[in-house]
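What follows is the content of start-v2.cif, which has mmCIF, C-alpha atoms and all ligand atoms:
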data_structure
#
loop_
_atom_site.label_atom_id
_atom_site.label_comp_id
_atom_site.auth_asym_id
_atom_site.auth_seq_id
_atom_site.Cartn_x
_atom_site.Cartn_y
_atom_site.Cartn_z
CA MET L 1 47.30 -51.59 -101.46
CA LYS L 2 47.28 -50.27 -97.88
CA PRO L 3 50.31 -48.15 -96.86
CA GLU L 4 51.24 -50.48 -93.99
CA ASP L 5 51.25 -53.48 -96.32
CA ARG L 6 53.45 -51.61 -98.73
CA GLN L 7 55.90 -50.66 -96.00
CA ALA L 8 56.14 -54.27 -94.89
CA ALA L 9 56.63 -55.36 -98.47
CA GLU L 10 59.50 -52.98 -98.92
CA ALA L 11 61.09 -54.07 -95.67
CA ALA L 12 60.86 -57.79 -96.44
CA ARG L 13 63.87 -59.35 -98.09
CA GLY L 14 63.44 -60.17 -101.74
CA PHE L 15 64.21 -59.16 -105.24
CA MET L 16 60.99 -57.52 -106.35
CA PRO L 17 61.21 -53.70 -106.72
CA PRO L 18 58.16 -51.73 -105.46
CA ASP L 19 56.90 -50.73 -108.93
CA GLU L 20 56.82 -54.38 -110.02
CA GLY L 21 55.21 -55.40 -106.75
CA LEU L 22 52.46 -52.83 -107.12
CA ALA L 23 51.88 -53.96 -110.73
CA LEU L 24 51.63 -57.55 -109.46
CA HIS L 25 49.15 -56.45 -106.80
CA ALA L 26 47.01 -54.63 -109.38
CA ALA L 27 47.11 -57.69 -111.66
CA ALA L 28 45.93 -59.87 -108.77
CA VAL L 29 43.03 -57.53 -107.99
CA ALA L 30 41.96 -57.69 -111.65
CA ALA L 31 42.43 -61.46 -111.95
CA LEU L 32 40.41 -62.16 -108.80
CA THR L 33 37.61 -60.04 -110.21
CA ALA L 34 37.79 -61.73 -113.62
CA VAL L 35 37.85 -65.30 -112.27
CA GLY L 36 35.33 -66.07 -109.56
CA SER L 37 36.29 -68.23 -106.55
CA ALA L 38 39.64 -69.65 -107.78
CA PRO L 39 42.78 -69.15 -105.67
CA MET L 40 46.18 -67.82 -106.76
CA LEU L 41 49.52 -69.61 -106.62
CA GLU L 42 53.08 -68.35 -106.73
CA ILE L 43 56.08 -70.52 -107.51
CA GLY L 44 59.05 -69.10 -105.60
CA SER L 45 58.27 -67.21 -102.39
CA TYR L 46 61.73 -66.73 -100.85
CA CYS L 47 61.24 -64.35 -97.90
CA GLY L 48 57.68 -63.42 -98.75
CA LYS L 49 57.92 -60.15 -100.61
CA SER L 50 55.82 -61.03 -103.66
CA ALA L 51 53.45 -62.95 -101.36
CA LEU L 52 52.62 -59.69 -99.59
CA TYR L 53 51.63 -57.97 -102.81
CA LEU L 54 49.55 -60.94 -103.96
CA GLY L 55 48.31 -61.81 -100.48
CA SER L 56 46.92 -58.37 -99.71
CA ALA L 57 44.87 -58.60 -102.93
CA ALA L 58 43.68 -62.07 -101.91
CA ARG L 59 42.67 -60.84 -98.45
CA ASP L 60 40.66 -57.94 -99.86
CA ALA L 61 38.83 -60.32 -102.22
CA GLY L 62 38.27 -63.03 -99.59
CA ARG L 63 40.50 -65.46 -101.48
CA VAL L 64 43.68 -67.43 -100.90
CA LEU L 65 47.26 -67.40 -102.17
CA PHE L 66 49.28 -70.62 -102.20
CA ALA L 67 52.96 -69.77 -101.78
CA LEU L 68 55.04 -72.66 -103.08
CA ASP L 69 58.75 -72.92 -102.31
CA HIS L 70 61.12 -75.60 -101.01
CA HIS L 71 62.80 -72.75 -99.12
CA ARG L 72 66.31 -74.00 -99.92
CA GLY L 73 66.92 -71.23 -102.41
CA SER L 74 67.73 -71.20 -106.09
CA GLU L 75 71.20 -71.62 -107.53
CA GLU L 76 71.93 -67.89 -107.32
CA ASN L 77 71.05 -67.87 -103.59
CA GLN L 78 73.71 -70.43 -102.65
CA ALA L 79 77.04 -69.54 -101.00
CA GLY L 80 79.43 -67.89 -103.44
CA TRP L 81 76.66 -66.63 -105.74
CA GLU L 82 75.47 -63.10 -106.34
CA HIS L 83 72.21 -63.31 -104.36
CA HIS L 84 73.53 -65.18 -101.32
CA ASP L 85 72.45 -63.94 -97.88
CA ALA L 86 74.54 -65.66 -95.17
CA ASP L 87 71.95 -64.74 -92.49
CA LEU L 88 69.54 -67.16 -94.13
CA VAL L 89 71.74 -70.23 -93.68
CA ASP L 90 70.59 -72.79 -91.09
CA PRO L 91 73.87 -73.25 -89.13
CA ASP L 92 73.09 -76.83 -88.03
CA LEU L 93 72.38 -78.07 -91.53
CA ASP L 94 74.58 -75.56 -93.35
CA LEU L 95 71.74 -75.15 -95.80
CA LEU L 96 69.75 -72.11 -96.83
CA ASP L 97 66.38 -71.93 -95.06
CA THR L 98 64.05 -69.05 -95.90
CA LEU L 99 60.93 -70.56 -94.31
CA ALA L 100 61.24 -68.83 -90.90
CA THR L 101 61.79 -65.43 -92.50
CA PHE L 102 58.88 -66.07 -94.86
CA ARG L 103 56.62 -66.93 -91.92
CA SER L 104 57.65 -63.80 -89.98
CA THR L 105 56.91 -61.64 -93.01
CA ILE L 106 53.43 -63.11 -93.42
CA HIS L 107 52.72 -62.98 -89.69
CA GLU L 108 53.75 -59.32 -89.38
CA VAL L 109 51.11 -58.21 -91.85
CA GLY L 110 48.40 -60.50 -90.52
CA LEU L 111 48.11 -62.63 -93.65
CA GLU L 112 48.43 -66.07 -92.03
CA ARG L 113 44.84 -66.98 -92.89
CA VAL L 114 45.27 -65.83 -96.48
CA VAL L 115 48.73 -66.98 -97.55
CA VAL L 116 49.11 -70.76 -97.39
CA ALA L 117 52.73 -71.92 -97.52
CA LEU L 118 53.35 -75.05 -99.56
CA VAL L 119 56.82 -76.23 -98.64
CA GLY L 120 58.02 -78.50 -101.39
CA HIS L 121 59.41 -78.79 -104.86
CA SER L 122 57.20 -77.33 -107.56
CA GLU L 123 57.62 -80.37 -109.82
CA VAL L 124 56.45 -82.65 -106.99
CA VAL L 125 53.35 -80.60 -106.20
CA ALA L 126 52.27 -79.84 -109.78
CA PRO L 127 51.22 -83.38 -110.82
CA VAL L 128 48.75 -83.65 -107.92
CA TRP L 129 47.48 -80.07 -108.09
CA GLY L 130 43.73 -80.03 -108.77
CA SER L 131 42.47 -76.46 -108.65
CA MET L 132 42.19 -73.91 -111.43
CA LEU L 133 44.02 -70.67 -110.67
CA ALA L 134 42.88 -67.08 -111.02
CA LEU L 135 46.56 -66.09 -111.17
CA LEU L 136 49.80 -68.04 -111.48
CA PHE L 137 53.04 -66.22 -110.70
CA ILE L 138 56.19 -67.97 -111.96
CA ASP L 139 59.30 -66.87 -110.06
CA GLY L 140 60.93 -70.15 -108.98
CA GLY L 141 64.04 -71.75 -110.47
CA HIS L 142 65.37 -69.56 -113.27
CA GLY L 143 67.55 -72.19 -114.98
CA SER L 144 66.40 -73.64 -118.29
CA GLU L 145 65.10 -76.93 -116.91
CA PRO L 146 63.14 -75.59 -113.91
CA ALA L 147 61.69 -72.62 -115.80
CA HIS L 148 60.44 -74.70 -118.74
CA ARG L 149 59.20 -77.40 -116.37
CA ASP L 150 57.20 -74.84 -114.35
CA TYR L 151 55.74 -73.50 -117.57
CA GLU L 152 54.71 -76.97 -118.75
CA LEU L 153 53.41 -78.30 -115.44
CA TRP L 154 51.63 -75.26 -114.09
CA THR L 155 50.23 -73.10 -116.93
CA PRO L 156 47.47 -75.63 -117.75
CA HIS L 157 46.01 -74.73 -114.33
CA VAL L 158 45.44 -71.07 -115.23
CA ALA L 159 41.70 -70.56 -115.62
CA PRO L 160 40.31 -69.02 -118.82
CA GLY L 161 40.40 -65.26 -118.26
CA GLY L 162 43.00 -65.82 -115.52
CA THR L 163 46.45 -64.29 -115.37
CA LEU L 164 49.91 -65.71 -115.92
CA ALA L 165 52.60 -63.48 -114.41
CA ILE L 166 56.27 -64.19 -115.10
CA HIS L 167 59.11 -62.46 -113.29
CA ASP L 168 62.65 -61.72 -114.47
CA VAL L 169 61.80 -61.60 -118.16
CA PHE L 170 64.73 -59.94 -119.94
CA PRO L 171 64.49 -59.69 -123.75
CA ASP L 172 68.07 -58.32 -123.83
CA PRO L 173 70.52 -61.05 -122.75
CA ASN L 174 72.77 -58.37 -121.22
CA ASP L 175 70.10 -57.70 -118.61
CA GLY L 176 69.69 -61.25 -117.30
CA GLY L 177 69.21 -64.96 -117.94
CA ARG L 178 67.12 -66.31 -120.82
CA PRO L 179 64.77 -68.99 -119.45
CA PRO L 180 62.05 -66.67 -118.06
CA TYR L 181 62.06 -64.84 -121.40
CA GLU L 182 61.87 -68.17 -123.25
CA ILE L 183 58.81 -69.30 -121.34
CA TYR L 184 57.19 -65.90 -121.88
CA LEU L 185 57.70 -66.45 -125.63
CA ARG L 186 56.30 -69.97 -125.37
CA ALA L 187 53.17 -68.60 -123.71
CA ILE L 188 52.66 -66.04 -126.49
CA GLU L 189 53.45 -68.52 -129.27
CA SER L 190 51.07 -71.12 -127.82
CA GLY L 191 48.20 -68.81 -128.74
CA GLU L 192 46.72 -69.52 -125.32
CA PHE L 193 47.93 -66.31 -123.72
CA VAL L 194 47.91 -62.65 -124.71
CA GLU L 195 50.13 -60.06 -123.12
CA THR L 196 48.26 -57.48 -121.07
CA GLY L 197 51.13 -55.45 -119.65
CA HIS L 198 54.64 -55.28 -118.30
CA THR L 199 56.47 -53.39 -115.58
CA GLY L 200 60.23 -53.80 -115.35
CA SER L 201 60.91 -57.51 -115.73
CA LEU L 202 57.36 -58.49 -114.78
CA ARG L 203 55.21 -59.71 -117.68
CA LEU L 204 51.47 -60.12 -117.41
CA LEU L 205 49.47 -62.37 -119.72
CA ARG L 206 45.83 -63.38 -119.82
CA ARG L 207 44.57 -66.83 -120.73
CA VAL L 208 42.23 -66.55 -123.71
N1 LIG K 301 58.98 -64.32 -105.58
C1 LIG K 301 59.98 -63.97 -104.58
C2 LIG K 301 61.41 -64.33 -104.98
C3 LIG K 301 61.58 -65.79 -105.35
S1 LIG K 301 63.27 -66.24 -105.51
C4 LIG K 301 59.90 -62.46 -104.34
O1 LIG K 301 59.81 -61.71 -105.31
O2 LIG K 301 59.91 -62.06 -103.20
C5 LIG K 301 63.13 -67.87 -106.15
C6 LIG K 301 62.66 -68.90 -105.15
O3 LIG K 301 62.33 -70.07 -105.89
C7 LIG K 301 63.68 -69.33 -104.11
O4 LIG K 301 63.21 -69.04 -102.80
C8 LIG K 301 63.83 -70.85 -104.31
O5 LIG K 301 63.91 -71.61 -103.11
C9 LIG K 301 62.56 -71.20 -105.07
N2 LIG K 301 62.66 -72.37 -105.93
C10 LIG K 301 63.59 -72.63 -106.88
N3 LIG K 301 63.34 -73.80 -107.48
C11 LIG K 301 62.22 -74.32 -106.90
C12 LIG K 301 61.45 -75.52 -107.07
N4 LIG K 301 61.80 -76.45 -107.98
N5 LIG K 301 60.39 -75.72 -106.28
C13 LIG K 301 60.03 -74.81 -105.35
N6 LIG K 301 60.70 -73.66 -105.15
C14 LIG K 301 61.78 -73.41 -105.91
MG MG K 302 62.19 -62.82 -109.38
#
Would it be possible to restate this file's structure as structure tokens?
Ligand code: SAH
Ligand code: MG
Amino acid sequence: MKPEDRQAAEAARGFMPPDEGLALHAAAVAALTAVGSAPMLEIGSYCGKSALYLGSAARDAGRVLFALDHHRGSEENQAGWEHHDADLVDPDLDLLDTLATFRSTIHEVGLERVVVALVGHSEVVAPVWGSMLALLFIDGGHGSEPAHRDYELWTPHVAPGGTLAIHDVFPDPNDGGRPPYEIYLRAIESGEFVETGHTGSLRLLRRV
């Protein structure tokens, strides 16, 4: 990853630490090599941090990243919760709106032709999605229902040899919520995915 991309990634708001971001970037480079022509998709873009790591890999490979988010934030981003950022509230609507910040992030690093924002709910987009994916990154709603729904609706689109990346996987309940860990287990138990690596809470799996 180029130093200027990395700097921008670190400056962008988001929850992904640099070591996990670089691991995600490396996984994207490998997945784009393993699976010819297919794009990548991330569920949960927030302010664009993970999209920079994935997007710079897409740019270098001449491919595309779809960045899917309704941009209203997850439960933990709402007022009164741990990950709330009052600067991201649209004052007219009194609703969180991360789309403008996301667009600035992507613009600043010149990835507008590479990172395609899909503004909508993941469960609305999934049923009409038609393309196989070289890499799917699941980092959207972390509650039980949204996490399991994303697993069920989106993992069938991962191409054979492609990569499933899941963020915020915490085997120890003291470290964080269960649903991302549960869907990681489902992927392993399905026999359709094998683990290829992990960095912090980022788990990488390959579709067999
Ligand atoms: N991947 C980002 C962080 C994502 S935070 C990074 O590392 O930089 C989780 C995001 O998921 C939030 O922006 C929230 O709006 C989005 N989200 C939650 N549920 C969603 C759903 N059902 N459809 C689309 N986006 C969703
Ligand atoms: Mg996350």
What would the list of residues within 9 Å of (48.5, -68.6, -97.5) (file frame) look like as a short mmCIF file (atom, residue, chain, number, x, y, z; two decimals) with C-alpha atoms, in the coordinates of the input, if all atoms listed in the file are what count?
data_model
loop_
_atom_site.label_atom_id
_atom_site.label_comp_id
_atom_site.auth_asym_id
_atom_site.auth_seq_id
_atom_site.Cartn_x
_atom_site.Cartn_y
_atom_site.Cartn_z
CA ALA L 51 53.45 -62.95 -101.36
CA GLY L 55 48.31 -61.81 -100.48
CA VAL L 64 43.68 -67.43 -100.90
CA LEU L 65 47.26 -67.40 -102.17
CA PHE L 66 49.28 -70.62 -102.20
CA ALA L 67 52.96 -69.77 -101.78
CA ILE L 106 53.43 -63.11 -93.42
CA LEU L 111 48.11 -62.63 -93.65
CA GLU L 112 48.43 -66.07 -92.03
CA ARG L 113 44.84 -66.98 -92.89
CA VAL L 114 45.27 -65.83 -96.48
CA VAL L 115 48.73 -66.98 -97.55
CA VAL L 116 49.11 -70.76 -97.39
CA ALA L 117 52.73 -71.92 -97.52
CA LEU L 118 53.35 -75.05 -99.56
#
Produce as a CSV table (one decimal) with C-alpha atoms, in the coordinates of the input the set of residues near ligand LIG 301 (chain K), where near means within 9 Å with only C-alpha atoms and all ligand atoms considered.
chain,number,residue,atom,x,y,z
L,9,ALA,CA,56.6,-55.4,-98.5
L,12,ALA,CA,60.9,-57.8,-96.4
L,13,ARG,CA,63.9,-59.4,-98.1
L,14,GLY,CA,63.4,-60.2,-101.7
L,15,PHE,CA,64.2,-59.2,-105.2
L,16,MET,CA,61.0,-57.5,-106.4
L,17,PRO,CA,61.2,-53.7,-106.7
L,21,GLY,CA,55.2,-55.4,-106.8
L,42,GLU,CA,53.1,-68.4,-106.7
L,43,ILE,CA,56.1,-70.5,-107.5
L,44,GLY,CA,59.0,-69.1,-105.6
L,45,SER,CA,58.3,-67.2,-102.4
L,46,TYR,CA,61.7,-66.7,-100.8
L,47,CYS,CA,61.2,-64.4,-97.9
L,48,GLY,CA,57.7,-63.4,-98.8
L,49,LYS,CA,57.9,-60.2,-100.6
L,50,SER,CA,55.8,-61.0,-103.7
L,51,ALA,CA,53.4,-63.0,-101.4
L,52,LEU,CA,52.6,-59.7,-99.6
L,67,ALA,CA,53.0,-69.8,-101.8
L,68,LEU,CA,55.0,-72.7,-103.1
L,69,ASP,CA,58.8,-72.9,-102.3
L,70,HIS,CA,61.1,-75.6,-101.0
L,71,HIS,CA,62.8,-72.8,-99.1
L,72,ARG,CA,66.3,-74.0,-99.9
L,73,GLY,CA,66.9,-71.2,-102.4
L,74,SER,CA,67.7,-71.2,-106.1
L,75,GLU,CA,71.2,-71.6,-107.5
L,76,GLU,CA,71.9,-67.9,-107.3
L,77,ASN,CA,71.0,-67.9,-103.6
L,96,LEU,CA,69.8,-72.1,-96.8
L,97,ASP,CA,66.4,-71.9,-95.1
L,98,THR,CA,64.0,-69.0,-95.9
L,99,LEU,CA,60.9,-70.6,-94.3
L,118,LEU,CA,53.4,-75.0,-99.6
L,119,VAL,CA,56.8,-76.2,-98.6
L,120,GLY,CA,58.0,-78.5,-101.4
L,121,HIS,CA,59.4,-78.8,-104.9
L,122,SER,CA,57.2,-77.3,-107.6
L,123,GLU,CA,57.6,-80.4,-109.8
L,124,VAL,CA,56.4,-82.6,-107.0
L,125,VAL,CA,53.4,-80.6,-106.2
L,137,PHE,CA,53.0,-66.2,-110.7
L,138,ILE,CA,56.2,-68.0,-112.0
L,139,ASP,CA,59.3,-66.9,-110.1
L,140,GLY,CA,60.9,-70.2,-109.0
L,141,GLY,CA,64.0,-71.8,-110.5
L,142,HIS,CA,65.4,-69.6,-113.3
L,143,GLY,CA,67.6,-72.2,-115.0
L,146,PRO,CA,63.1,-75.6,-113.9
L,147,ALA,CA,61.7,-72.6,-115.8
L,149,ARG,CA,59.2,-77.4,-116.4
L,150,ASP,CA,57.2,-74.8,-114.4
L,167,HIS,CA,59.1,-62.5,-113.3
**Request:** Might you pull out every residue within 9 Å of Leu136 of chain L, with only C-alpha atoms counted and same-chain residues fewer than 6 positions away left off, and present them as a ChimeraX atom specification?
**Result:** /L:40-43,154-155,157-158,162-166
Residue with smallest distance to ligand MG 302 (chain K) - pool L:Phe102, L:Ala26, L:Val169, L:Arg207, counting all atoms listed in the file
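Nearest candidate to ligand MG 302 (chain K) out of L:Phe102, L:Ala26, L:Val169, L:Arg207: L:Val169.
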Quick one: of L:Gly110, L:Leu153, L:Ala61, L:Pro179, who's nearest to Trp129 of chain L, counting all atoms listed in the file?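 Distance minimum relative to Trp129 of chain L lands on L:Leu153.
With distances taken over only C-alpha atoms and all ligand atoms, L:His83 is the one residue among L:His83, L:Gln78, L:Thr105, L:Gly161 lying closest to ligand MG 302 (chain K).
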Atom CA of Pro39 of chain L to atom CA of Gly177 of chain L measures 29.4 Å
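Between atom CA of His25 of chain L and atom CA of Tyr53 of chain L the interatomic distance comes to 4.9 Å.
The two atoms in question, atom CA of Glu82 of chain L and atom CA of Ile183 of chain L, are spaced 23.3 Å apart.
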Quick one: residues within 7 Å of Ala28 of chain L, all atoms listed in the file counted, chain neighbours fewer than 2 positions away excluded, as a PyMOL selection string? chain L and resi 24-26+30-32+54+57+135
For C-alpha atoms, I'd like the residues from the last selection saved as a PDB file, in the coordinates of the input.
ATOM      1  CA  LEU L  24      51.630 -57.550-109.460  1.00  0.00           C
ATOM      2  CA  HIS L  25      49.150 -56.450-106.800  1.00  0.00           C
ATOM      3  CA  ALA L  26      47.010 -54.630-109.380  1.00  0.00           C
ATOM      4  CA  ALA L  30      41.960 -57.690-111.650  1.00  0.00           C
ATOM      5  CA  ALA L  31      42.430 -61.460-111.950  1.00  0.00           C
ATOM      6  CA  LEU L  32      40.410 -62.160-108.800  1.00  0.00           C
ATOM      7  CA  LEU L  54      49.550 -60.940-103.960  1.00  0.00           C
ATOM      8  CA  ALA L  57      44.870 -58.600-102.930  1.00  0.00           C
ATOM      9  CA  LEU L 135      46.560 -66.090-111.170  1.00  0.00           C
TER      10      LEU L 135
END
With distances taken over all atoms listed in the file, which of L:Ser144, L:Thr33, L:Ser190, L:Ser201 is nearest to ligand MG 302 (chain K)?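 Of the candidates, the smallest distance to ligand MG 302 (chain K) is held by L:Ser201.
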- Item | Distance criterion (all atoms listed in the file): nearest to ligand MG 302 (chain K) out of L:Gly197, L:Pro91, L:Gly176, L:Gly80 |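 Counting all atoms listed in the file, the residue closest to ligand MG 302 (chain K) is L:Gly176.
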Exercise for review: Name the closest residue to ligand MG 302 (chain K) among the candidates L:Lys2, L:Arg186, L:Arg203, L:His148; distances are taken between atoms, counting all atoms listed in the file.
Suggested key: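 Of all the options, L:Arg203 lies closest to ligand MG 302 (chain K).
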